[in-house]
Amino acid sequence: MRTLSRAIGSHRAIAALVVIGLCSAAAYAAITIGKVLPPSDAVAGWKIVPKTYKECPNPSGLAELYDGGWEKYRDAGIIAAATQTYKGSAKQIVIYAHEFSSAERAKAYYASAQKNAKGKITSVQVAGGQAFYSVTGPATVGNVVRGKVQCQVAAMGSTADMQQAVAAFLKVLANRVGQVYK
């Protein structure tokens, strides 16, 4: 009877370790994707707006991050996401960082964003990935993909200065993805 009791106890311990491992993987994804977001002044003159950081450690939490339409992100393969707002002069930029289940899914999402972009598309040279931005009316929106991470940079403004800021954030993001996801 003691042997049976020990065997059952061992199986429970193994099951508990498996559950802890799965939970740790989800927590790791959320913590990791948040590290991709740049600190203040990573792009000169742009500072983090306090209390704007949000993260989603798993696909079921995407509804908290996106106000409507979150299902398309889940269906695209996003497993974790984070967002942060930055302020420079009188303008703001919001960055969304997405970790996908695979590099292929991240690249497919990026390709879709590029295909559906409105306005003139400008390519940006970044380390280890691909990036572009487009200007549509009063907004400049950029996208970068590297490995299984895709980020979007959304700026309310289309001046040359805003376009340069978006391009600079895309470069910083590509570098940070390379550092965080080695």
# chains A, B, ... in the order shown; residues from 1 in each chain; ligands from 1
$ select_by_dssp --residues "range 48-86 of chain A" --states "strand (DSSP E)" --output "ChimeraX atom specification"
/A:48,54-56,78-86
$ write_last_selection --atoms "N, CA and C atoms" --output "CSV table (one decimal), in the first residue's frame"
chain,number,residue,atom,x,y,z
A,48,ILE,N,7.9,57.8,-22.2
A,48,ILE,CA,6.7,56.9,-21.9
A,48,ILE,C,5.7,57.8,-21.2
A,54,LYS,N,0.1,48.2,-21.0
A,54,LYS,CA,-0.8,47.1,-20.8
A,54,LYS,C,-0.2,45.9,-21.4
A,55,GLU,N,-0.5,44.7,-20.8
A,55,GLU,CA,0.0,43.5,-21.4
A,55,GLU,C,-1.1,42.5,-21.4
A,56,CYS,N,-1.0,41.5,-22.3
A,56,CYS,CA,-1.9,40.4,-22.4
A,56,CYS,C,-1.1,39.2,-22.5
A,78,ILE,N,-1.6,35.3,-32.4
A,78,ILE,CA,-1.0,36.0,-31.4
A,78,ILE,C,-1.1,35.3,-30.0
A,79,ILE,N,0.0,35.1,-29.4
A,79,ILE,CA,0.0,34.4,-28.1
A,79,ILE,C,0.2,35.3,-26.9
A,80,ALA,N,0.7,36.5,-27.1
A,80,ALA,CA,0.9,37.5,-26.1
A,80,ALA,C,1.1,38.9,-26.8
A,81,ALA,N,0.7,39.9,-26.0
A,81,ALA,CA,0.8,41.2,-26.6
A,81,ALA,C,1.0,42.3,-25.5
A,82,ALA,N,1.6,43.4,-25.9
A,82,ALA,CA,1.8,44.5,-24.9
A,82,ALA,C,1.7,45.8,-25.7
A,83,THR,N,1.3,46.9,-25.0
A,83,THR,CA,1.2,48.2,-25.6
A,83,THR,C,1.7,49.3,-24.7
A,84,GLN,N,2.2,50.3,-25.2
A,84,GLN,CA,2.7,51.5,-24.5
A,84,GLN,C,2.6,52.7,-25.3
A,85,THR,N,2.2,53.8,-24.6
A,85,THR,CA,2.1,55.1,-25.3
A,85,THR,C,3.3,56.0,-25.0
A,86,TYR,N,3.7,56.7,-26.0
A,86,TYR,CA,4.9,57.6,-25.9
A,86,TYR,C,4.5,59.0,-26.3
$ select_by_dssp --residues "range 130-179 of chain A" --states "alpha helix (DSSP H)" --output "list in words"
Ala160, Asp161, Met162, Gln163, Gln164, Ala165, Val166, Ala167, Ala168, Phe169, Leu170, Lys171, Val172, Leu173, Ala174, Asn175, Arg176, Val177, Gly178 and Gln179 of chain A
$ write_last_selection --atoms "C-alpha atoms" --output "PDB file, in the first residue's frame"
ATOM      1  CA  ALA A 160       8.015  64.705 -41.820  1.00  0.00           C
ATOM      2  CA  ASP A 161       8.989  64.757 -38.114  1.00  0.00           C
ATOM      3  CA  MET A 162       6.323  62.169 -37.251  1.00  0.00           C
ATOM      4  CA  GLN A 163       7.357  59.960 -40.154  1.00  0.00           C
ATOM      5  CA  GLN A 164      10.975  60.135 -38.964  1.00  0.00           C
ATOM      6  CA  ALA A 165       9.879  59.272 -35.394  1.00  0.00           C
ATOM      7  CA  VAL A 166       7.891  56.254 -36.606  1.00  0.00           C
ATOM      8  CA  ALA A 167      10.867  55.060 -38.692  1.00  0.00           C
ATOM      9  CA  ALA A 168      13.183  55.510 -35.683  1.00  0.00           C
ATOM     10  CA  PHE A 169      10.828  53.507 -33.430  1.00  0.00           C
ATOM     11  CA  LEU A 170      10.692  50.714 -36.042  1.00  0.00           C
ATOM     12  CA  LYS A 171      14.509  50.479 -35.999  1.00  0.00           C
ATOM     13  CA  VAL A 172      14.637  50.476 -32.196  1.00  0.00           C
ATOM     14  CA  LEU A 173      11.934  47.809 -32.015  1.00  0.00           C
ATOM     15  CA  ALA A 174      13.745  45.522 -34.477  1.00  0.00           C
ATOM     16  CA  ASN A 175      16.922  45.820 -32.382  1.00  0.00           C
ATOM     17  CA  ARG A 176      15.066  45.169 -29.122  1.00  0.00           C
ATOM     18  CA  VAL A 177      13.325  42.094 -30.560  1.00  0.00           C
ATOM     19  CA  GLY A 178      16.769  40.762 -31.526  1.00  0.00           C
ATOM     20  CA  GLN A 179      18.053  41.346 -27.987  1.00  0.00           C
TER      21      GLN A 179
END
$ residues_around --residues "Ser134 in chain A" --least-positions-apart "2" --cutoff "7 Å" --atoms "only C-alpha atoms" --output "list in words"
Ala117, Lys118, Gly119, Lys120, Ile121, Thr122, Phe132, Thr136, Thr140, Val141 and Gly142 of chain A
$ write_last_selection --atoms "C-alpha atoms" --output "short mmCIF file (atom, residue, chain, number, x, y, z; two decimals), in the first residue's frame"
data_model
loop_
_atom_site.label_atom_id
_atom_site.label_comp_id
_atom_site.auth_asym_id
_atom_site.auth_seq_id
_atom_site.Cartn_x
_atom_site.Cartn_y
_atom_site.Cartn_z
CA ALA A 117 -1.90 49.75 -45.96
CA LYS A 118 -3.38 52.93 -47.35
CA GLY A 119 -1.34 55.77 -48.75
CA LYS A 120 2.30 55.78 -49.81
CA ILE A 121 4.36 52.92 -48.37
CA THR A 122 7.94 53.65 -47.34
CA PHE A 132 7.52 49.87 -43.54
CA THR A 136 -2.88 58.13 -44.48
CA THR A 140 1.45 57.57 -39.84
CA VAL A 141 1.39 53.83 -39.16
CA GLY A 142 4.45 51.60 -39.20
#
$ residues_around --residues "Val180 in chain A" --least-positions-apart "5" --cutoff "7 Å" --atoms "only C-alpha atoms" --output "list in words"
Thr32, Lys35 and Val36 of chain A
$ write_last_selection --atoms "C-alpha atoms" --output "compact mmCIF listing (two decimals), in the first residue's frame"
# COMPACT_ATOMS: atom_id res chain seq x y z
CA THR A 32 9.17 38.79 -22.77
CA LYS A 35 10.56 43.88 -22.80
CA VAL A 36 10.42 44.65 -26.52
$ closest_residue --among "A:His98, A:Lys72, A:Arg105, A:Lys115" --to "Val149 in chain A" --atoms "only C-alpha atoms"
A:His98
$ atom_distance --atom1 "CA of Cys151 in chain A" --atom2 "CA of Gly88 in chain A"
19.3 Å
$ atom_distance --atom1 "CA of Gly137 in chain A" --atom2 "CA of Ala63 in chain A"
27.7 Å
$ closest_residue --among "A:Asn116, A:Ile93, A:Tyr73, A:Val135" --to "Gln150 in chain A" --atoms "only C-alpha atoms"
A:Tyr73
$ atom_distance --atom1 "CA of Val153 in chain A" --atom2 "CA of Val94 in chain A"
5.9 Å
$ residues_around --residues "Gly129 in chain A" --least-positions-apart "3" --cutoff "9 Å" --atoms "only C-alpha atoms" --output "list in words"
Gln125, Val126, Val144, Val145, Arg146, Gly147 and Ala174 of chain A
